[in-house]
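J.: Data file coords_21.txt (compact mmCIF, C-alpha atoms) is appended below.
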# COMPACT_ATOMS: atom_id res chain seq x y z
CA MET A 1 96.60 52.62 120.47
CA THR A 2 94.48 54.27 123.17
CA THR A 3 90.75 54.57 123.73
CA VAL A 4 91.22 58.01 125.29
CA ASP A 5 89.90 60.88 123.17
CA GLN A 6 92.96 63.02 122.37
CA ASN A 7 90.87 66.14 121.75
CA THR A 8 91.12 68.07 125.02
CA ARG A 9 88.04 70.22 124.53
CA ARG A 10 85.81 67.34 123.53
CA ARG A 11 87.14 65.15 126.33
CA ARG A 12 86.08 67.72 128.94
CA GLY A 13 82.45 67.44 127.87
CA THR A 14 80.12 69.03 125.33
CA GLY A 15 76.49 70.12 125.18
CA LEU A 16 74.73 71.49 128.24
CA ILE A 17 77.17 71.82 131.14
CA ALA A 18 75.27 73.97 133.67
CA LEU A 19 71.77 75.44 134.07
CA ASP A 20 70.08 77.55 136.73
CA GLU A 21 66.71 78.31 135.14
CA GLN A 22 65.66 80.74 137.87
CA ALA A 23 68.75 82.93 137.47
CA GLY A 24 69.01 82.59 133.68
CA HIS A 25 67.23 84.75 131.14
CA GLY A 26 65.92 81.82 129.09
CA GLY A 27 65.25 81.91 125.37
CA TYR A 28 67.15 80.47 122.42
CA THR A 29 70.83 80.69 121.51
CA LEU A 30 72.06 80.96 117.91
CA TYR A 31 75.52 79.88 116.76
CA ALA A 32 77.36 78.85 113.59
CA PRO A 33 80.33 76.42 113.89
CA LEU A 34 83.28 77.97 112.07
CA THR A 35 84.61 74.66 110.76
CA GLY A 36 81.16 73.45 109.74
CA ASP A 37 79.72 73.14 106.29
CA GLY A 38 77.16 75.94 106.62
CA GLU A 39 75.15 74.65 109.55
CA VAL A 40 73.53 77.27 111.81
CA LEU A 41 71.84 76.07 114.99
CA LEU A 42 69.29 77.51 117.38
CA ILE A 43 69.15 75.74 120.76
CA ASP A 44 66.96 76.14 123.82
CA VAL A 45 68.36 76.49 127.35
CA HIS A 46 68.50 72.69 127.71
CA GLY A 47 70.75 72.41 124.65
CA THR A 48 68.05 70.89 122.47
CA VAL A 49 68.16 71.99 118.82
CA ALA A 50 65.00 74.00 118.15
CA HIS A 51 65.82 74.97 114.57
CA ARG A 52 68.57 74.34 112.06
CA TRP A 53 69.64 75.99 108.81
CA GLN A 54 71.80 74.01 106.38
CA LEU A 55 73.43 76.54 104.07
CA PRO A 56 75.78 75.91 101.13
CA HIS A 57 78.77 77.92 102.40
CA ARG A 58 80.64 77.79 105.69
CA PRO A 59 80.38 80.88 107.89
CA GLY A 60 82.67 83.79 107.18
CA ARG A 61 82.18 84.48 110.89
CA HIS A 62 78.66 84.44 112.33
CA ALA A 63 74.88 84.57 111.99
CA ARG A 64 72.29 86.79 113.68
CA ILE A 65 68.50 87.02 113.80
CA LEU A 66 67.14 90.27 112.34
CA PRO A 67 64.20 92.23 113.77
CA ASN A 68 61.99 90.74 111.04
CA GLY A 69 62.85 87.20 112.17
CA ASN A 70 65.07 86.36 109.20
CA LEU A 71 68.66 85.16 109.49
CA ALA A 72 71.57 87.45 108.63
CA TYR A 73 74.42 85.19 107.54
CA ASN A 74 77.99 86.18 106.77
CA ALA A 75 79.42 83.37 104.66
CA THR A 76 82.77 82.53 103.12
CA LEU A 77 82.85 83.30 99.41
CA PRO A 78 84.28 80.16 97.80
CA ASP A 79 87.34 79.88 95.56
CA GLN A 80 89.19 82.98 96.76
CA ASP A 81 92.97 83.31 96.83
CA ALA A 82 94.69 84.02 100.14
CA LEU A 83 95.87 87.63 100.42
CA PHE A 84 98.10 86.63 103.35
CA PRO A 85 98.40 83.56 105.64
CA MET A 86 95.53 84.41 108.01
CA TRP A 87 93.14 85.63 105.32
CA HIS A 88 91.35 82.30 104.88
CA LYS A 89 90.60 82.14 108.60
CA TYR A 90 88.59 85.33 108.86
CA ARG A 91 87.60 86.29 105.33
CA GLY A 92 83.94 86.36 104.39
CA GLY A 93 82.74 87.97 101.18
CA LEU A 94 79.15 86.70 100.99
CA MET A 95 76.50 88.53 103.03
CA GLN A 96 72.98 87.11 102.95
CA GLU A 97 69.51 87.47 104.44
CA ILE A 98 67.82 84.09 104.71
CA ALA A 99 64.26 83.06 105.60
CA PRO A 100 63.61 80.50 108.37
CA ASP A 101 63.06 77.82 105.71
CA GLY A 102 66.49 78.48 104.17
CA THR A 103 65.36 80.57 101.20
CA VAL A 104 67.94 83.24 100.31
CA LEU A 105 66.10 86.58 100.19
CA ARG A 106 69.06 88.92 99.63
CA SER A 107 72.68 88.39 98.74
CA PHE A 108 75.60 90.79 98.42
CA THR A 109 79.24 89.98 97.71
CA ASP A 110 82.50 91.80 98.31
CA PRO A 111 85.61 89.58 98.05
CA LEU A 112 87.50 91.93 100.39
CA GLN A 113 84.96 91.72 103.24
CA HIS A 114 86.17 90.15 106.46
CA HIS A 115 85.17 89.60 110.11
CA ASP A 116 82.02 91.65 110.63
CA ALA A 117 78.95 92.62 108.64
CA HIS A 118 76.10 94.28 110.50
CA HIS A 119 72.77 93.76 108.71
CA TYR A 120 70.26 96.45 109.65
CA GLY A 121 67.24 94.42 108.58
CA ASP A 122 66.11 96.72 105.75
CA GLY A 123 68.76 95.49 103.30
CA ARG A 124 71.51 97.88 104.38
CA ILE A 125 74.79 96.32 105.52
CA LEU A 126 77.66 97.95 107.43
CA TYR A 127 80.81 95.88 107.04
CA THR A 128 84.59 95.72 107.21
CA ALA A 129 86.81 95.24 104.17
CA LEU A 130 90.40 95.76 102.98
CA GLU A 131 92.46 97.93 100.67
CA PRO A 132 96.13 97.25 99.76
CA LEU A 133 98.80 99.76 100.72
CA THR A 134 102.16 99.61 98.95
CA GLY A 135 105.33 101.67 98.77
CA ALA A 136 105.39 104.78 100.93
CA ARG A 137 101.81 104.23 102.11
CA ALA A 138 102.72 100.79 103.45
CA ALA A 139 105.94 102.09 104.99
CA ALA A 140 103.95 104.75 106.85
CA VAL A 141 102.24 102.08 108.95
CA ARG A 142 104.06 101.82 112.28
CA GLY A 143 104.79 98.80 114.45
CA GLY A 144 104.57 95.11 113.76
CA VAL A 145 107.34 92.68 112.88
CA PRO A 146 109.73 94.42 110.49
CA GLY A 147 109.59 93.05 106.95
CA SER A 148 106.54 90.87 107.56
CA GLU A 149 104.42 92.52 104.87
CA PRO A 150 103.66 89.84 102.24
CA GLY A 151 105.06 91.15 98.97
CA GLY A 152 105.60 94.53 100.62
CA THR A 153 101.84 95.08 100.95
CA VAL A 154 100.03 96.15 104.10
CA HIS A 155 96.30 95.49 103.87
CA ALA A 156 94.50 98.36 105.59
CA ASP A 157 90.93 98.32 106.77
CA THR A 158 87.97 100.11 105.32
CA ILE A 159 84.38 100.31 106.54
CA ARG A 160 81.57 100.38 104.01
CA GLU A 161 77.81 100.67 104.11
CA VAL A 162 75.65 99.57 101.18
CA ASP A 163 71.92 99.71 100.55
CA ALA A 164 69.58 96.84 99.66
CA ASP A 165 70.70 97.09 96.01
CA GLY A 166 74.41 97.05 96.85
CA ARG A 167 74.94 100.76 96.21
CA LEU A 168 77.59 102.39 98.37
CA LEU A 169 76.07 104.75 100.94
CA TRP A 170 79.11 105.54 103.11
CA SER A 171 82.74 104.53 103.41
CA TRP A 172 85.68 105.16 105.71
CA ARG A 173 89.36 104.27 105.30
CA VAL A 174 91.89 103.96 108.09
CA SER A 175 94.59 105.19 105.70
CA ASP A 176 92.75 108.53 105.50
CA HIS A 177 91.75 108.98 109.12
CA LEU A 178 94.08 107.16 111.54
CA ASP A 179 97.44 108.54 112.67
CA PRO A 180 99.93 105.66 112.16
CA GLU A 181 101.95 106.81 115.17
CA GLU A 182 98.94 106.87 117.47
CA TYR A 183 97.55 103.60 116.14
CA ALA A 184 100.71 101.51 115.73
CA LEU A 185 100.55 97.73 115.43
CA HIS A 186 101.67 95.71 118.43
CA PRO A 187 105.37 94.88 117.87
CA ASP A 188 104.69 91.11 117.84
CA TYR A 189 102.06 91.29 115.09
CA SER A 190 102.57 90.75 111.38
CA ARG A 191 102.35 93.84 109.23
CA GLU A 192 100.01 92.04 106.83
CA HIS A 193 96.88 93.75 108.22
CA TRP A 194 96.40 97.16 109.88
CA PRO A 195 94.73 97.74 112.34
CA LEU A 196 92.49 94.63 111.98
CA ILE A 197 88.95 95.90 112.52
CA ASN A 198 87.05 92.88 113.83
CA SER A 199 83.75 94.58 114.67
CA VAL A 200 81.57 97.46 113.46
CA PHE A 201 78.36 98.60 115.15
CA PRO A 202 76.03 101.52 114.35
CA LEU A 203 75.40 103.73 117.38
CA ALA A 204 72.08 105.31 118.32
CA ASP A 205 73.45 108.75 117.36
CA GLY A 206 74.29 107.56 113.84
CA ASN A 207 78.05 107.27 114.36
CA VAL A 208 80.02 104.02 114.10
CA LEU A 209 81.66 101.98 116.85
CA ALA A 210 84.67 99.93 115.74
CA SER A 211 87.13 97.51 117.36
CA LEU A 212 90.77 97.73 116.22
CA ARG A 213 92.25 94.49 117.48
CA SER A 214 95.92 94.72 116.53
CA VAL A 215 96.33 98.16 118.08
CA SER A 216 94.11 97.41 121.13
CA ALA A 217 91.64 100.25 120.71
CA VAL A 218 87.88 100.75 120.49
CA ILE A 219 86.88 103.93 118.68
CA VAL A 220 83.80 105.92 117.69
CA ILE A 221 83.90 107.28 114.13
CA SER A 222 81.95 110.32 113.03
CA ARG A 223 79.74 109.32 110.12
CA GLU A 224 79.68 112.97 109.01
CA THR A 225 83.40 113.82 109.06
CA GLY A 226 85.24 110.50 109.49
CA GLU A 227 87.15 111.77 112.50
CA VAL A 228 87.65 109.68 115.63
CA LEU A 229 85.31 111.13 118.26
CA TRP A 230 86.24 108.78 121.12
CA ARG A 231 88.63 105.99 121.93
CA THR A 232 89.45 103.77 124.86
CA GLU A 233 92.46 104.86 126.85
CA PRO A 234 95.65 102.97 125.89
CA GLY A 235 96.01 99.88 128.06
CA LEU A 236 92.31 99.58 128.91
CA VAL A 237 91.66 96.80 126.41
CA SER A 238 93.98 94.24 124.85
CA GLN A 239 93.22 92.62 121.46
CA GLN A 240 89.51 93.05 122.18
CA HIS A 241 86.39 92.03 120.21
CA HIS A 242 82.71 92.87 119.76
CA PRO A 243 82.05 96.25 121.40
CA THR A 244 78.33 97.09 121.44
CA GLU A 245 76.31 100.02 122.72
CA LEU A 246 73.98 99.45 125.67
CA ALA A 247 70.68 101.23 126.25
CA ASP A 248 72.30 103.78 128.57
CA GLY A 249 75.08 104.58 126.11
CA ASN A 250 77.75 102.52 127.86
CA ILE A 251 79.93 100.20 125.77
CA LEU A 252 80.12 96.44 126.41
CA ILE A 253 83.42 94.88 125.27
CA PHE A 254 84.91 91.38 125.15
CA ASP A 255 88.48 92.09 126.31
CA ASN A 256 90.67 89.16 125.27
CA GLY A 257 93.67 90.13 127.39
CA VAL A 258 96.52 89.22 125.04
CA PHE A 259 99.53 91.46 125.79
CA ARG A 260 97.64 93.24 128.61
CA PRO A 261 100.12 95.75 130.09
CA GLY A 262 101.47 94.88 133.52
CA VAL A 263 99.84 91.42 133.63
CA ASP A 264 102.03 88.32 133.61
CA VAL A 265 99.19 85.74 133.61
CA PRO A 266 96.75 86.48 130.78
CA TYR A 267 93.01 86.22 131.24
CA SER A 268 89.91 87.37 129.39
CA ARG A 269 87.13 89.50 130.75
CA VAL A 270 83.97 91.31 129.67
CA ILE A 271 83.79 94.97 130.64
CA GLU A 272 81.23 97.75 130.49
CA VAL A 273 82.80 101.14 129.83
CA GLU A 274 81.13 104.47 130.54
CA ARG A 275 81.69 106.64 127.50
CA PRO A 276 82.03 110.10 129.09
CA SER A 277 84.62 109.01 131.66
CA GLY A 278 86.15 106.05 129.81
CA LYS A 279 86.05 104.11 133.09
CA VAL A 280 85.10 100.47 133.61
CA VAL A 281 81.80 100.37 135.53
CA TRP A 282 81.20 96.58 135.35
CA GLU A 283 83.50 93.64 134.81
CA TYR A 284 83.26 89.88 134.62
CA HIS A 285 86.17 87.48 134.76
CA ASP A 286 86.24 83.91 135.99
CA PRO A 287 86.81 83.61 139.77
CA ALA A 288 89.96 81.75 138.77
CA ARG A 289 91.06 84.35 136.23
CA GLU A 290 93.30 82.02 134.23
CA ALA A 291 90.37 79.59 133.72
CA PHE A 292 88.80 81.94 131.16
CA PHE A 293 91.23 83.05 128.48
CA ALA A 294 90.32 83.39 124.80
CA PRO A 295 93.44 84.55 122.94
CA PHE A 296 91.40 85.43 119.86
CA MET A 297 87.74 85.98 118.91
CA GLY A 298 84.96 86.32 121.49
CA SER A 299 81.69 88.16 122.04
CA ALA A 300 79.33 89.46 124.71
CA GLN A 301 75.62 90.33 124.64
CA ARG A 302 73.74 92.13 127.41
CA LEU A 303 70.38 90.42 127.93
CA PRO A 304 67.08 92.16 128.84
CA ASN A 305 67.18 90.96 132.47
CA GLY A 306 70.70 92.36 133.02
CA ASN A 307 72.53 89.07 132.51
CA THR A 308 75.32 88.81 129.95
CA LEU A 309 75.79 86.06 127.34
CA ILE A 310 79.50 85.44 126.69
CA THR A 311 81.12 83.48 123.89
CA ASP A 312 84.54 81.98 124.64
CA SER A 313 85.01 81.50 120.91
CA PRO A 314 88.13 79.32 120.50
CA ALA A 315 86.79 76.86 123.08
CA GLY A 316 83.28 76.76 121.58
CA ARG A 317 82.00 77.66 125.05
CA ILE A 318 78.91 79.82 125.46
CA PHE A 319 77.84 80.87 128.95
CA GLU A 320 75.57 83.30 130.77
CA VAL A 321 76.39 85.25 133.91
CA THR A 322 74.26 87.45 136.16
CA ALA A 323 75.01 91.08 136.95
CA GLN A 324 76.71 89.81 140.12
CA GLY A 325 79.01 87.59 138.03
CA THR A 326 77.37 84.25 138.91
CA LEU A 327 77.37 81.71 136.09
CA CYS A 328 73.86 80.39 135.43
CA TRP A 329 74.10 78.65 132.02
CA GLU A 330 76.94 76.98 130.14
CA TYR A 331 76.99 75.11 126.85
CA VAL A 332 79.92 73.69 124.88
CA VAL A 333 79.44 73.37 121.13
CA PRO A 334 79.52 69.64 120.24
CA GLN A 335 80.19 70.14 116.51
CA PHE A 336 83.90 69.59 115.79
CA GLY A 337 85.62 69.90 112.43
CA SER A 338 88.67 71.15 110.58
CA TYR A 339 89.22 74.08 108.28
CA ARG A 340 89.09 73.05 104.65
CA GLU A 341 91.68 75.54 103.39
CA PRO A 342 95.19 74.02 103.72
CA GLU A 343 96.70 77.37 104.77
CA ILE A 344 94.45 77.50 107.83
CA GLY A 345 94.54 73.78 108.42
CA ALA A 346 98.30 74.04 108.88
CA LEU A 347 97.87 76.80 111.50
CA PHE A 348 94.98 75.04 113.29
CA PRO A 349 95.53 71.30 112.64
CA SER A 350 93.31 69.82 115.36
CA LEU A 351 89.56 69.37 115.15
CA ASN A 352 87.89 72.34 116.80
CA ASN A 353 84.43 73.59 117.76
CA ALA A 354 85.05 77.33 117.51
CA VAL A 355 82.29 79.86 117.00
CA PHE A 356 82.83 83.58 116.40
CA ARG A 357 79.74 84.87 118.21
CA ALA A 358 76.56 83.53 119.77
CA TYR A 359 73.32 85.44 120.26
CA ARG A 360 70.34 84.89 122.58
CA TYR A 361 66.72 85.53 121.52
CA ASP A 362 63.36 85.52 123.24
CA ALA A 363 60.51 83.47 121.80
CA GLY A 364 58.78 86.68 120.69
CA GLN A 365 61.71 87.43 118.37
CA LEU A 366 61.17 84.07 116.65
CA PRO A 367 57.46 84.08 115.71
CA TRP A 368 58.01 81.35 113.12
CA LEU A 369 59.57 78.89 115.59
CA LYS A 370 57.57 75.75 116.27
CA ARG A 371 57.99 75.05 119.95
CA GLN A 372 57.29 71.94 121.98
CA VAL A 373 54.36 72.30 124.39
Could you spell out this file's structure in structure tokens?
T.:
Amino acid sequence: MTTVDQNTRRRRGTGLIALDEQAGHGGYTLYAPLTGDGEVLLIDVHGTVAHRWQLPHRPGRHARILPNGNLAYNATLPDQDALFPMWHKYRGGLMQEIAPDGTVLRSFTDPLQHHDAHHYGDGRILYTALEPLTGARAAAVRGGVPGSEPGGTVHADTIREVDADGRLLWSWRVSDHLDPEEYALHPDYSREHWPLINSVFPLADGNVLASLRSVSAVIVISRETGEVLWRTEPGLVSQQHHPTELADGNILIFDNGVFRPGVDVPYSRVIEVERPSGKVVWEYHDPAREAFFAPFMGSAQRLPNGNTLITDSPAGRIFEVTAQGTLCWEYVVPQFGSYREPEIGALFPSLNNAVFRAYRYDAGQLPWLKRQV
């Protein structure tokens, strides 16, 4: 027997790791441990828990504070069968708005929802879901590992928007609008899910920004016609997550870097892309590039002072960098656990502290928060 902790991430230290209060934006950071039992935490810059929600279902991915101060929570709908091996890892199904005291104010379910659900704050929700493709429709999907469709079914993405009463307002299906040749799966990916939309975001002009992970593309979808109005150039991003629109119209993207063309040592980065030119106008990567690599998940949030909050999701590491790329705050999630579903437990057997996204808020966005004076 040994007294050495065999969990590498935990052994390297958890909680507050670094803080430069003068360079940092300040405020409160929200996160939801993916292997937790429904706990959502809000911490200050010193890593002290300022508020905690204890909810009955583990997160389907993440939580976010709405403009009205309530919590938007995307939870895992219990007792659902696995559509394919990875389904239990990123499925959701239960989308809720919750008061600071934990009271559920709104709830909407869709068993086929996964990854992202953007709550507007007025009851509307824009979210990702699935539809099964079989026969010739499944065969039309290009790329991926041949024969890896479970039961011959390719699950294709849809995007849906519902109102506060759950009525469908708008929908979009990749099977109707994406060219399978132009948006082929990476050859090393299973054909169980195409193209794996892990993020949806409403743009200021009313159109929809979406991240297609397994084909390494970020696109803008016309809400009016469904056509693709814009996409990142092939090779610009690799298995990316969480594109968001900035105030000037640029797009901030967490670029994971898996299978990045022409790169033999993978690394992750956060980039800002100018929409008209498609060019990268800002980039952050660790000074030792290989020291920051998240092979899956991840998020980035541009803060009001120009800093960027970054979530290295698999490592449970949340950190803030300045516009010059200087790290000024770092926190490692101390909550470790295991996935309850045996299918996912077999794929991720060790205790982990992963979070899908983290968000930073100013005190003025949390009027109900009781703060120490």
J.: Measuring atom to atom with only C-alpha atoms, identify which of A:His115, A:Val45, A:Val104, A:Trp230 is nearest to Tyr28 of chain A.
T.: A:Val45
J.: Just the residues within 9 Å of Pro56 of chain A, please, counting all atoms listed in the file, with nothing from its chain fewer than 5 positions along; format it as a PyMOL selection string.
T.: chain A and resi 37-39
J.: Let me make sure I understand: among A:Ala117, A:Val174, A:Leu105, A:Ala288, which one has the smallest atom-to-atom distance to His155 of chain A if we use only C-alpha atoms?
T.: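 Closest to His155 of chain A, using only C-alpha atoms: A:Val174.
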J.: Please provide the set of residues having any atom within 7 Å of Arg317 of chain A, restricted to only C-alpha atoms, with same-chain residues fewer than 3 positions apart removed, written as an NGL selection string.
T.: :A and (311-313 or 331-333)
J.: Emit the selected residues as a compact mmCIF listing (two decimals), in the coordinates of the input, including C-alpha atoms.
T.:
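The file below, again21.txt, is the result:
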# COMPACT_ATOMS: atom_id res chain seq x y z
CA THR A 311 81.12 83.48 123.89
CA ASP A 312 84.54 81.98 124.64
CA SER A 313 85.01 81.50 120.91
CA TYR A 331 76.99 75.11 126.85
CA VAL A 332 79.92 73.69 124.88
CA VAL A 333 79.44 73.37 121.13
J.: Which residue gives the smallest distance to Asp362 of chain A among A:Pro304, A:Ala99, A:Gln239, A:Pro195, with only C-alpha atoms counted?
T.: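 Residue with the minimum atom-to-atom distance to Asp362 of chain A: A:Pro304.
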J.: Would you please work out which residue, of A:Ile251, A:Ala23, A:Ala32, A:Leu130, is nearest to Gln324 of chain A when using all atoms listed in the file?
T.: A:Ala23
J.: Which residues are close to segment 350-354 of chain A, i.e. within 7 Å by only C-alpha atoms, leaving aside same-chain residues fewer than 5 positions away? Reply as a list of chain:residue names.
T.: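 So the residues in contact are A:Pro33, A:Leu34, A:Ser313, A:Pro314, A:Ala315, A:Gly316, A:Val333, A:Pro334, A:Gln335, A:Phe336, A:Gly337, A:Ser338.
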J.: Which centre and edge lengths in Å to one decimal define the box along x, y and z that fits every listed atom of segment 132-148 of chain A plus 5 Å per side, as JSON?
T.:
{"center_x": 102.9, "center_y": 97.8, "center_z": 106.6, "size_x": 23.6, "size_y": 23.9, "size_z": 25.7}
J.: May I ask which of the residues A:Arg52, A:His186, A:His193, A:Arg173 is the closest one to Thr225 of chain A, counting only C-alpha atoms?
T.: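 Between A:Arg52, A:His186, A:His193, A:Arg173, the residue approaching Thr225 of chain A most closely is A:Arg173.
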J.: Scan for residues within 12 Å of the point (75.3, 110.3, 117.1) in the coordinates of the file, using all atoms listed in the file, and reply as a VMD selection string.
T.: chain A and resid 202 to 209 220 to 225 229 to 230 245 249
J.: If I take atom CA of Ser211 of chain A and atom CA of His25 of chain A, how far is one from the other in Å, to one decimal?
T.: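 Computing it gives 27.4 Å between the two atoms.
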